[in-house]
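Shown below: upload34.txt, with compact mmCIF, C-alpha atoms and all ligand atoms.
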# COMPACT_ATOMS: atom_id res chain seq x y z
CA MET A 1065 -86.29 88.49 -55.02
CA PRO A 1066 -83.04 88.65 -56.93
CA ARG A 1067 -80.63 91.18 -55.57
CA SER A 1068 -79.59 93.87 -57.94
CA LEU A 1069 -76.51 92.50 -59.63
CA PRO A 1070 -74.38 94.25 -62.16
CA PHE A 1071 -73.08 91.08 -63.75
CA PHE A 1072 -74.96 88.21 -64.91
CA MET A 1073 -73.63 86.03 -67.30
CA LEU A 1074 -71.06 84.10 -65.54
CA ALA A 1075 -68.58 83.78 -68.27
CA ILE A 1076 -65.31 82.31 -67.52
CA SER A 1077 -62.13 84.05 -67.23
CA LEU A 1078 -59.33 82.84 -69.21
CA GLY A 1079 -56.45 84.16 -67.44
CA PHE A 1080 -54.05 81.43 -66.76
CA THR A 1081 -51.22 79.94 -68.69
CA GLY A 1082 -48.83 77.08 -68.24
CA ALA A 1083 -48.39 73.49 -69.29
CA ALA A 1084 -50.74 70.74 -68.20
CA GLY A 1085 -49.97 69.53 -64.70
CA ALA A 1086 -46.64 71.37 -64.70
CA GLN A 1087 -47.04 72.96 -61.28
CA THR A 1088 -48.50 71.89 -57.98
CA PRO A 1089 -51.49 74.15 -57.26
CA ALA A 1090 -51.47 76.24 -54.07
CA PRO A 1091 -53.54 74.61 -51.31
CA GLN A 1092 -57.17 75.75 -51.24
CA THR A 1093 -57.95 78.11 -48.38
CA SER A 1094 -61.70 78.72 -48.72
CA THR A 1095 -63.77 76.14 -46.85
CA PRO A 1096 -66.90 74.46 -48.26
CA GLU A 1097 -68.99 76.49 -45.80
CA GLN A 1098 -67.36 79.75 -46.95
CA LEU A 1099 -68.07 78.86 -50.58
CA VAL A 1100 -71.75 78.24 -49.84
CA ASP A 1101 -71.94 81.37 -47.65
CA ALA A 1102 -70.49 83.36 -50.57
CA LEU A 1103 -73.15 81.96 -52.93
CA ASN A 1104 -75.81 82.91 -50.33
CA GLY A 1105 -74.24 86.39 -50.26
CA VAL A 1106 -74.93 86.75 -53.99
CA PHE A 1107 -78.38 85.18 -54.23
CA GLY A 1108 -79.76 85.33 -50.68
CA LYS A 1109 -80.85 82.35 -48.59
CA HIS A 1110 -83.95 80.50 -49.75
CA PRO A 1111 -85.29 77.75 -47.49
CA GLY A 1112 -85.33 74.30 -49.07
CA ALA A 1113 -83.37 75.42 -52.15
CA ARG A 1114 -79.87 74.90 -53.55
CA ALA A 1115 -77.41 77.76 -53.00
CA VAL A 1116 -77.09 77.97 -56.80
CA HIS A 1117 -79.01 76.31 -59.65
CA ALA A 1118 -82.00 76.49 -57.31
CA LYS A 1119 -84.79 76.10 -59.89
CA GLY A 1120 -84.89 72.83 -61.75
CA ILE A 1121 -86.78 69.81 -62.96
CA VAL A 1122 -86.04 66.10 -62.49
CA LEU A 1123 -86.51 63.47 -65.18
CA GLU A 1124 -85.53 59.85 -65.76
CA GLY A 1125 -84.16 57.75 -68.56
CA THR A 1126 -81.39 55.44 -69.68
CA PHE A 1127 -77.73 55.68 -70.63
CA THR A 1128 -76.43 53.28 -73.29
CA PRO A 1129 -72.65 53.13 -73.70
CA GLY A 1130 -71.14 53.60 -77.16
CA ALA A 1131 -68.87 51.14 -78.94
CA GLN A 1132 -65.68 53.04 -78.06
CA ALA A 1133 -66.47 53.75 -74.41
CA SER A 1134 -64.72 50.70 -72.96
CA SER A 1135 -61.49 51.64 -74.75
CA ILE A 1136 -61.46 54.80 -72.60
CA SER A 1137 -62.51 53.47 -69.20
CA LYS A 1138 -63.25 50.28 -67.31
CA ALA A 1139 -66.11 52.05 -65.44
CA PRO A 1140 -69.13 49.71 -65.34
CA HIS A 1141 -71.53 52.03 -67.18
CA LEU A 1142 -68.98 52.46 -69.98
CA GLN A 1143 -68.91 48.78 -70.97
CA SER A 1144 -71.84 47.22 -72.83
CA THR A 1145 -74.88 47.39 -70.56
CA ALA A 1146 -77.39 50.26 -70.43
CA VAL A 1147 -78.07 51.74 -66.97
CA PRO A 1148 -80.94 53.85 -65.58
CA VAL A 1149 -80.27 57.57 -65.06
CA THR A 1150 -81.87 60.43 -63.16
CA VAL A 1151 -81.24 63.90 -64.59
CA ARG A 1152 -81.90 67.41 -63.34
CA PHE A 1153 -82.01 70.46 -65.62
CA SER A 1154 -81.70 73.82 -63.88
CA ASP A 1155 -81.47 77.58 -64.22
CA PHE A 1156 -78.25 79.10 -62.94
CA ALA A 1157 -79.10 81.44 -60.07
CA GLY A 1158 -79.66 80.43 -56.45
CA ILE A 1159 -83.16 81.89 -56.69
CA PRO A 1160 -85.88 79.23 -56.71
CA ASP A 1161 -88.55 81.33 -58.45
CA ILE A 1162 -86.34 83.00 -61.06
CA PRO A 1163 -88.15 83.42 -64.41
CA ASP A 1164 -86.62 81.11 -67.03
CA ASN A 1165 -86.07 84.08 -69.35
CA HIS A 1166 -84.13 86.12 -66.75
CA GLU A 1167 -80.47 86.89 -67.47
CA LEU A 1168 -79.41 85.10 -64.28
CA ALA A 1169 -81.05 81.88 -65.47
CA SER A 1170 -78.00 81.24 -67.71
CA PRO A 1171 -75.89 79.22 -67.86
CA ARG A 1172 -78.32 76.34 -67.44
CA GLY A 1173 -77.33 73.24 -65.51
CA PHE A 1174 -77.45 69.56 -66.37
CA ALA A 1175 -76.76 66.98 -63.67
CA ILE A 1176 -76.95 63.24 -64.26
CA LYS A 1177 -76.83 60.29 -61.89
CA PHE A 1178 -75.96 56.89 -63.37
CA LYS A 1179 -77.35 53.94 -61.35
CA LEU A 1180 -74.56 51.40 -61.54
CA PRO A 1181 -75.18 47.64 -61.49
CA ASP A 1182 -73.61 47.23 -58.01
CA GLY A 1183 -76.15 49.65 -56.50
CA SER A 1184 -73.76 52.65 -56.31
CA ASP A 1185 -74.15 55.93 -58.21
CA SER A 1186 -71.86 57.98 -60.43
CA ASP A 1187 -72.62 61.61 -61.26
CA ILE A 1188 -71.70 64.34 -63.77
CA VAL A 1189 -72.62 67.98 -63.10
CA ALA A 1190 -72.32 70.20 -66.18
CA HIS A 1191 -73.53 73.57 -67.44
CA SER A 1192 -74.35 75.21 -70.76
CA PHE A 1193 -71.14 77.22 -71.11
CA ASN A 1194 -67.80 75.83 -72.23
CA GLY A 1195 -65.77 77.41 -69.45
CA PHE A 1196 -65.94 78.86 -65.95
CA PRO A 1197 -65.20 82.33 -64.54
CA SER A 1198 -62.45 81.13 -62.24
CA PRO A 1199 -59.46 78.81 -62.49
CA ASN A 1200 -59.90 77.41 -58.97
CA ALA A 1201 -62.19 77.41 -55.93
CA ASP A 1202 -60.42 80.26 -54.10
CA ASP A 1203 -60.69 82.59 -57.08
CA PHE A 1204 -64.33 81.64 -57.45
CA HIS A 1205 -64.84 82.49 -53.76
CA ASP A 1206 -63.25 85.92 -54.31
CA LEU A 1207 -65.48 86.56 -57.31
CA LEU A 1208 -68.61 85.61 -55.34
CA VAL A 1209 -67.62 87.90 -52.46
CA ALA A 1210 -67.04 90.75 -54.92
CA LEU A 1211 -70.43 90.09 -56.54
CA GLY A 1212 -72.19 89.91 -53.18
CA SER A 1213 -70.81 93.28 -52.07
CA SER A 1214 -71.45 95.18 -55.33
CA GLY A 1215 -75.20 95.80 -55.24
CA ALA A 1216 -76.92 98.92 -56.55
CA ASN A 1217 -75.86 101.02 -53.52
CA ALA A 1218 -72.16 100.08 -53.52
CA ALA A 1219 -69.68 102.93 -53.98
CA LYS A 1220 -67.88 103.11 -57.35
CA PRO A 1221 -65.63 101.49 -58.28
CA THR A 1222 -67.38 98.53 -56.70
CA PRO A 1223 -65.51 95.46 -55.43
CA LEU A 1224 -66.72 93.75 -58.62
CA ASP A 1225 -65.37 96.54 -60.84
CA LYS A 1226 -61.99 96.13 -59.14
CA TYR A 1227 -62.09 92.35 -59.37
CA LEU A 1228 -62.97 92.30 -63.06
CA ALA A 1229 -60.28 94.85 -63.87
CA THR A 1230 -57.68 92.28 -62.83
CA HIS A 1231 -59.52 89.11 -63.92
CA PRO A 1232 -60.19 89.35 -67.67
CA VAL A 1233 -61.40 85.77 -67.90
CA ALA A 1234 -64.12 86.37 -65.30
CA LYS A 1235 -65.12 89.51 -67.20
CA ALA A 1236 -65.26 87.57 -70.46
CA PHE A 1237 -67.45 84.93 -68.84
CA LEU A 1238 -69.82 87.42 -67.25
CA THR A 1239 -70.30 89.41 -70.41
CA ALA A 1240 -70.42 86.55 -72.94
CA PRO A 1241 -73.79 86.27 -74.71
CA LYS A 1242 -75.85 83.44 -73.27
CA PRO A 1243 -79.08 83.34 -75.25
CA ALA A 1244 -82.09 81.62 -73.72
CA PRO A 1245 -82.65 78.14 -75.16
CA GLU A 1246 -85.73 76.95 -76.93
CA SER A 1247 -85.66 73.95 -74.60
CA TYR A 1248 -83.51 72.34 -71.92
CA GLY A 1249 -83.29 69.59 -74.56
CA THR A 1250 -81.75 71.86 -77.22
CA LEU A 1251 -78.65 73.03 -75.38
CA PRO A 1252 -75.14 71.61 -75.32
CA TYR A 1253 -73.74 71.19 -71.80
CA PHE A 1254 -70.08 71.04 -70.73
CA GLY A 1255 -68.45 69.28 -67.79
CA VAL A 1256 -65.63 71.86 -67.77
CA ASN A 1257 -63.41 70.11 -65.17
CA THR A 1258 -60.94 67.44 -66.33
CA PHE A 1259 -61.13 63.78 -65.27
CA LYS A 1260 -58.66 60.95 -65.75
CA PHE A 1261 -60.03 57.79 -67.36
CA VAL A 1262 -58.34 54.41 -67.05
CA ASN A 1263 -59.25 51.45 -69.25
CA GLY A 1264 -58.96 47.72 -68.56
CA ALA A 1265 -55.37 47.66 -69.84
CA GLY A 1266 -54.37 50.48 -67.47
CA LYS A 1267 -54.15 53.13 -70.21
CA ALA A 1268 -54.90 56.67 -68.97
CA THR A 1269 -56.84 59.30 -70.96
CA TYR A 1270 -57.60 62.86 -69.79
CA GLY A 1271 -60.82 64.48 -70.89
CA ARG A 1272 -63.77 66.77 -70.34
CA TYR A 1273 -67.41 65.77 -70.79
CA GLN A 1274 -69.73 67.34 -73.33
CA PHE A 1275 -73.45 66.62 -73.77
CA GLN A 1276 -74.67 67.33 -77.31
CA PRO A 1277 -78.45 67.49 -77.89
CA VAL A 1278 -79.51 65.11 -80.65
CA ALA A 1279 -82.30 67.58 -81.54
CA GLY A 1280 -79.60 70.20 -82.23
CA ALA A 1281 -78.79 73.45 -80.41
CA HIS A 1282 -81.68 75.92 -80.70
CA PHE A 1283 -81.92 79.32 -79.05
CA LEU A 1284 -84.45 82.13 -78.81
CA SER A 1285 -83.97 85.72 -79.89
CA ASN A 1286 -84.22 88.26 -77.05
CA GLU A 1287 -87.66 89.25 -78.37
CA GLU A 1288 -88.86 85.65 -78.38
CA ALA A 1289 -87.43 85.01 -74.91
CA ALA A 1290 -89.14 88.12 -73.49
CA LYS A 1291 -92.56 86.72 -74.50
CA LYS A 1292 -92.02 83.38 -72.74
CA ALA A 1293 -93.74 82.44 -69.49
CA ALA A 1294 -91.72 82.29 -66.27
CA ASP A 1295 -91.70 78.48 -66.25
CA TYR A 1296 -91.50 77.90 -69.99
CA LEU A 1297 -88.54 75.53 -69.77
CA SER A 1298 -90.11 73.04 -67.37
CA THR A 1299 -93.43 73.20 -69.23
CA GLU A 1300 -91.64 72.65 -72.54
CA ILE A 1301 -89.49 69.72 -71.43
CA ARG A 1302 -92.50 67.94 -69.89
CA ALA A 1303 -94.38 68.30 -73.17
CA ARG A 1304 -91.35 67.31 -75.25
CA VAL A 1305 -90.60 64.15 -73.28
CA ALA A 1306 -94.27 63.13 -73.41
CA GLN A 1307 -93.94 63.08 -77.23
CA GLY A 1308 -90.80 60.92 -77.29
CA PRO A 1309 -87.32 60.53 -75.80
CA VAL A 1310 -85.07 63.57 -75.41
CA ASN A 1311 -81.60 62.36 -76.37
CA PHE A 1312 -78.08 63.60 -75.77
CA ARG A 1313 -74.78 62.22 -77.02
CA LEU A 1314 -72.23 62.03 -74.21
CA LEU A 1315 -68.83 62.93 -75.64
CA LEU A 1316 -65.39 63.07 -74.10
CA GLN A 1317 -63.18 65.87 -75.38
CA LEU A 1318 -59.61 64.57 -75.17
CA ALA A 1319 -56.75 66.69 -73.83
CA ALA A 1320 -53.80 67.48 -76.08
CA ALA A 1321 -50.31 67.31 -74.61
CA ASP A 1322 -50.14 70.92 -73.43
CA ASP A 1323 -53.78 71.49 -72.44
CA LYS A 1324 -54.30 72.62 -68.85
CA LEU A 1325 -55.90 69.86 -66.81
CA ASP A 1326 -56.50 71.90 -63.65
CA ASP A 1327 -58.05 75.11 -64.94
CA PRO A 1328 -61.69 75.02 -66.10
CA SER A 1329 -61.56 78.71 -67.01
CA ILE A 1330 -59.62 77.81 -70.15
CA SER A 1331 -61.70 75.93 -72.68
CA TRP A 1332 -59.88 73.61 -75.03
CA PRO A 1333 -60.15 74.23 -78.78
CA ASP A 1334 -63.09 72.69 -80.64
CA THR A 1335 -60.56 70.96 -82.86
CA ARG A 1336 -59.66 68.52 -80.07
CA GLN A 1337 -60.61 64.91 -80.75
CA THR A 1338 -63.80 63.65 -79.11
CA VAL A 1339 -64.88 60.11 -78.32
CA GLU A 1340 -68.54 59.17 -78.09
CA LEU A 1341 -69.09 57.57 -74.68
CA GLY A 1342 -72.77 56.83 -75.23
CA THR A 1343 -76.32 58.14 -75.50
CA ILE A 1344 -78.62 59.49 -72.82
CA SER A 1345 -82.27 58.93 -73.54
CA ILE A 1346 -84.56 60.90 -71.23
CA THR A 1347 -87.99 59.31 -71.25
CA LYS A 1348 -90.16 60.82 -68.49
CA ALA A 1349 -90.47 63.56 -65.91
CA VAL A 1350 -90.71 62.30 -62.33
CA GLN A 1351 -94.10 62.63 -60.66
CA ASP A 1352 -93.13 65.05 -57.86
CA SER A 1353 -90.11 66.93 -59.16
CA ASP A 1354 -89.94 69.38 -56.22
CA ALA A 1355 -89.73 66.59 -53.65
CA ALA A 1356 -87.24 64.69 -55.82
CA GLN A 1357 -84.89 67.64 -56.32
CA ARG A 1358 -84.85 68.46 -52.63
CA GLN A 1359 -83.61 64.94 -51.90
CA LEU A 1360 -81.19 64.60 -54.81
CA LEU A 1361 -77.51 65.29 -54.24
CA PHE A 1362 -75.19 65.17 -57.25
CA LEU A 1363 -71.49 64.91 -56.45
CA PRO A 1364 -68.87 65.51 -59.15
CA ASN A 1365 -66.48 63.12 -57.35
CA ALA A 1366 -68.93 60.20 -57.16
CA LEU A 1367 -66.85 57.97 -59.42
CA PRO A 1368 -66.43 54.23 -59.98
CA SER A 1369 -63.07 52.57 -60.59
CA GLY A 1370 -61.94 53.65 -64.08
CA ILE A 1371 -62.66 57.40 -63.62
CA GLU A 1372 -60.57 59.63 -61.32
CA VAL A 1373 -60.50 63.26 -60.24
CA GLN A 1374 -57.85 65.27 -62.11
CA ASP A 1375 -58.81 68.95 -61.65
CA PRO A 1376 -58.73 69.87 -57.91
CA MET A 1377 -61.88 71.98 -58.35
CA ILE A 1378 -63.80 68.68 -58.55
CA GLU A 1379 -63.02 67.93 -54.89
CA ALA A 1380 -63.76 71.53 -53.87
CA ARG A 1381 -67.17 71.30 -55.52
CA SER A 1382 -67.87 67.91 -54.00
CA ALA A 1383 -67.17 69.26 -50.50
CA ALA A 1384 -69.42 72.32 -51.01
CA TYR A 1385 -72.46 70.58 -52.53
CA PRO A 1386 -73.28 68.57 -49.36
CA VAL A 1387 -73.18 71.80 -47.30
CA SER A 1388 -75.87 73.27 -49.55
CA TYR A 1389 -77.72 69.93 -49.42
CA SER A 1390 -77.79 69.86 -45.59
CA ARG A 1391 -78.97 73.46 -45.46
CA ARG A 1392 -81.91 72.73 -47.76
CA GLN A 1393 -83.06 69.87 -45.48
CA GLU A 1394 -83.32 72.26 -42.48
C1 LIG B 1 -65.49 75.92 -56.95
C2 LIG B 1 -66.43 75.89 -57.89
C3 LIG B 1 -67.88 75.59 -57.59
C4 LIG B 1 -68.58 75.72 -56.42
C5 LIG B 1 -68.09 76.21 -55.06
C6 LIG B 1 -69.93 75.29 -56.70
C7 LIG B 1 -70.96 75.25 -55.76
C8 LIG B 1 -72.18 74.68 -55.96
C9 LIG B 1 -73.16 74.41 -54.93
C10 LIG B 1 -72.99 74.74 -53.46
C11 LIG B 1 -74.23 73.82 -55.51
C12 LIG B 1 -75.52 73.34 -54.86
C13 LIG B 1 -75.46 71.82 -54.65
C14 LIG B 1 -76.68 71.26 -53.96
O1 LIG B 1 -77.31 71.97 -53.19
O2 LIG B 1 -77.01 70.07 -54.19
C15 LIG B 1 -73.93 73.71 -56.91
C16 LIG B 1 -74.78 73.15 -57.86
C17 LIG B 1 -74.49 73.09 -59.18
N1 LIG B 1 -73.33 73.46 -59.80
FE1 LIG B 1 -71.67 74.13 -58.91
N2 LIG B 1 -70.04 74.90 -58.01
C18 LIG B 1 -68.80 75.09 -58.60
C19 LIG B 1 -68.45 74.81 -59.89
C20 LIG B 1 -69.33 74.40 -60.85
C21 LIG B 1 -68.99 74.12 -62.22
C22 LIG B 1 -67.58 74.18 -62.80
C23 LIG B 1 -70.15 73.76 -62.84
C24 LIG B 1 -70.37 73.36 -64.27
C25 LIG B 1 -69.56 72.58 -64.93
C26 LIG B 1 -71.21 73.78 -61.88
C27 LIG B 1 -72.52 73.46 -62.12
C28 LIG B 1 -73.46 73.25 -61.14
C29 LIG B 1 -74.78 72.71 -61.41
C30 LIG B 1 -75.36 72.32 -62.76
C31 LIG B 1 -75.41 72.59 -60.17
C32 LIG B 1 -76.80 72.03 -59.90
C33 LIG B 1 -76.67 70.53 -59.59
C34 LIG B 1 -78.00 69.88 -59.29
O3 LIG B 1 -78.86 69.85 -60.21
O4 LIG B 1 -78.17 69.38 -58.16
N3 LIG B 1 -70.68 74.18 -60.67
N4 LIG B 1 -72.68 74.24 -57.17

Let me see the file written as structure tokens.
Amino acid sequence: MPRSLPFFMLAISLGFTGAAGAQTPAPQTSTPEQLVDALNGVFGKHPGARAVHAKGIVLEGTFTPGAQASSISKAPHLQSTAVPVTVRFSDFAGIPDIPDNHELASPRGFAIKFKLPDGSDSDIVAHSFNGFPSPNADDFHDLLVALGSSGANAAKPTPLDKYLATHPVAKAFLTAPKPAPESYGTLPYFGVNTFKFVNGAGKATYGRYQFQPVAGAHFLSNEEAAKKAADYLSTEIRARVAQGPVNFRLLLQLAAADDKLDDPSISWPDTRQTVELGTISITKAVQDSDAAQRQLLFLPNALPSGIEVQDPMIEARSAAYPVSYSRRQE
């Protein structure tokens, strides 16, 4: 069962300033194991499940690159040939039986694995909020520890109260409205961390991924959400994809000169230029989604030549995800 948590909507904190790449970040001190332990401290340990984004559904489809994609990157899936993809939609919490209309089910997750022509994979792991509660992995660790020690019986002010008093961006993230979606297929998703893209001529571009639903963004009122069944999102997406492809445009939001490249808690303005990298067409649910999701590991740093890690949080995430993966195989 979910622990009693006073927060819920992970909303990102915006608290940091400074020019893009101007300073070398302090070395990360929290280990991948400590990060996963801290997630377990918030949500509990659930055998066979992810430490976070535990409830999900796996589907398959195709990615077709757009006409401008190769001007951004020489990555093989961003040239002219369509590639197969596996995607996983998920609820936020590390609670495998969380009702889809629970507050802790937001933000929703979207992970995609591109099957490249040479047999390797490249992944993107995004969520349905344009931001993150913490600027880096250590701050995120501190937030998780505060959350995990601020249950219903904690003395006031709780560790979370104290944390949020000094971290306005985390507070903004946690309290931001995150309405339940009509469908996993009617939500925009955001990559949040910044990558560096290099094209065939060696030109570098810095950007953040966005997935825009071709069906449009559609949400439920609180009253509508309250009437939904616990598994309405997986039921809905299975029905939707049986009627026809569920499509997303994959966009790259380009950094302006003074945008922070190493702080996902600060979203860039909507006025930034975007380039359409291609279209994801999701065409079917896999037969045994539970078995598939247990085996699937998405890694934000699984990148071909032509895409590079820019934000250090990408490496921190990519070290923590395999820890959660190994634990769910036990
Ligand atoms: C330091 C920051 C972060 C840490 C420590 C962290 C940790 C984790 C862990 C341990 C998992 C489980 C992986 C698995 O068992 O396969 C996970 C999954 C996930 N995370 Fe993160 N995460 C971080 C940042 C983010 C950010 C910035 C986003 C959104 C942009 C995000 C979105 C997701 C999603 C969607 C999943 C589910 C992936 C799947 O379907 O397999 N996380 N995260």

Task: Env. residues ligand LIG 1 (chain B) / 6 Å / all atoms listed in the file / as a list in words - done: Leu1099, Val1100, Arg1114, Ala1115, Val1116, His1117, Arg1152, Gly1173, Phe1174, Ala1175, Val1189, Ala1190, His1191, Phe1196, Ala1201, Phe1204, Gly1255, Val1256, Leu1361, Phe1362, Met1377, Ala1380, Arg1381, Ala1384, Tyr1385, Ser1388 and Tyr1389 of chain A

Task: Proximity to Val1122 of chain A - best of A:Ile1330, A:Ile1176, A:Ala1090, A:Ile1159, all atoms listed in the file - done: A:Ile1176

TODO: Please return, as a ChimeraX atom specification, all polymer residues that have at least one atom within 12 Å of the point (-79.6, 75.3, -45.7); use all atoms listed in the file and the file's own coordinate frame.
DONE: /A:1097,1100-1101,1103-1104,1108-1116,1118,1158,1358,1384-1394

TODO: Might you pull out every residue within 7 Å of segment 1181-1186 of chain A, with all atoms listed in the file counted and same-chain residues fewer than 4 positions away left off, and present them as a count of residues only?
DONE: 4

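Nearest to Ser1170 of chain A of all the residues A:Leu1208, A:Pro1241, A:Pro1096, A:Ala1133 is A:Pro1241, based on only C-alpha atoms.
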
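Distances to Asp1203 of chain A were evaluated for A:Ala1236, A:Val1310, A:Ala1102, A:Val1262 using all atoms listed in the file, and the minimum falls at A:Ala1102.
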
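Going from atom CA of Ile1136 of chain A over to atom CA of Pro1171 of chain A, you cover 28.8 Å.
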
Step by step, gather every atom of segment 1315-1325 of chain A that the file lists, find the box along x, y and z that holds them, add 8 Å on each side, and finally give centre and edge lengths in Å to one decimal, as lines of an AutoDock Vina configuration file.
center_x = -59.5
center_y = 67.8
center_z = -71.4
size_x = 34.7
size_y = 25.7
size_z = 25.3

TODO: Find the residues around Pro1376 of chain A up to 12 Å (all atoms listed in the file counted), leave out those fewer than 4 positions away in its own chain, and share them as an MDAnalysis selection string.
DONE: chainID A and resid 1085 1088:1092 1199:1202 1257:1260 1325:1328 1364:1365 1372 1380:1383

Save the residues we just selected, C-alpha atoms, as a CSV table (one decimal), keeping the file's coordinate frame?
chain,number,residue,atom,x,y,z
A,1085,GLY,CA,-50.0,69.5,-64.7
A,1088,THR,CA,-48.5,71.9,-58.0
A,1089,PRO,CA,-51.5,74.2,-57.3
A,1090,ALA,CA,-51.5,76.2,-54.1
A,1091,PRO,CA,-53.5,74.6,-51.3
A,1092,GLN,CA,-57.2,75.8,-51.2
A,1199,PRO,CA,-59.5,78.8,-62.5
A,1200,ASN,CA,-59.9,77.4,-59.0
A,1201,ALA,CA,-62.2,77.4,-55.9
A,1202,ASP,CA,-60.4,80.3,-54.1
A,1257,ASN,CA,-63.4,70.1,-65.2
A,1258,THR,CA,-60.9,67.4,-66.3
A,1259,PHE,CA,-61.1,63.8,-65.3
A,1260,LYS,CA,-58.7,61.0,-65.8
A,1325,LEU,CA,-55.9,69.9,-66.8
A,1326,ASP,CA,-56.5,71.9,-63.6
A,1327,ASP,CA,-58.0,75.1,-64.9
A,1328,PRO,CA,-61.7,75.0,-66.1
A,1364,PRO,CA,-68.9,65.5,-59.2
A,1365,ASN,CA,-66.5,63.1,-57.4
A,1372,GLU,CA,-60.6,59.6,-61.3
A,1380,ALA,CA,-63.8,71.5,-53.9
A,1381,ARG,CA,-67.2,71.3,-55.5
A,1382,SER,CA,-67.9,67.9,-54.0
A,1383,ALA,CA,-67.2,69.3,-50.5

Task: Which residue of A:Gly1195, A:Ala1306, A:Tyr1248, A:Gln1132 approaches Thr1338 of chain A most closely, using only C-alpha atoms - done: A:Gln1132

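When atom CA of Gly1280 of chain A is paired with atom CA of Leu1318 of chain A, their separation reads 21.9 Å.
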
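With atom CA of Leu1360 of chain A on one side and atom CA of Val1151 of chain A on the other, the separation reads 9.8 Å.
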
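Comparing the minimum interatomic distances between Leu1284 of chain A and each of A:Pro1140, A:Pro1309, A:Pro1197, A:Pro1243, counting all atoms listed in the file, we find that A:Pro1243 sits nearest.
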
- [ ] Identify which of the residues A:Ser1154, A:Asn1217, A:Ser1298, A:Gln1274 lies closest to Leu1168 of chain A, counting all atoms listed in the file when measuring atom-to-atom distances.
- [x] A:Ser1154

Open item on the list: Please list, as a list in words, the residues that have an atom at most 12 Å away from (-55.6, 45.3, -66.9) in the coordinates of this file, counting all atoms listed in the file.
Closed with: Ser1135, Ser1137, Lys1138, Val1262, Asn1263, Gly1264, Ala1265, Gly1266, Lys1267, Ala1268 and Gly1370 of chain A

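Within 9 Å of Ala1320 of chain A, once only C-alpha atoms are used and residues closer than 3 positions along the same chain are dropped, the contacting residues are A:Tyr1270, A:Asp1323, A:Lys1324, A:Trp1332, A:Arg1336, A:Gln1337.
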
Open item on the list: I want to know what sits within 10 Å of His1166 of chain A, based on all atoms listed in the file, with residues of the same chain fewer than 3 positions away left out; could you give that as a PyMOL selection string?
Closed with: chain A and resi 1072+1155-1157+1162-1163+1169-1170+1244+1289-1290+1294
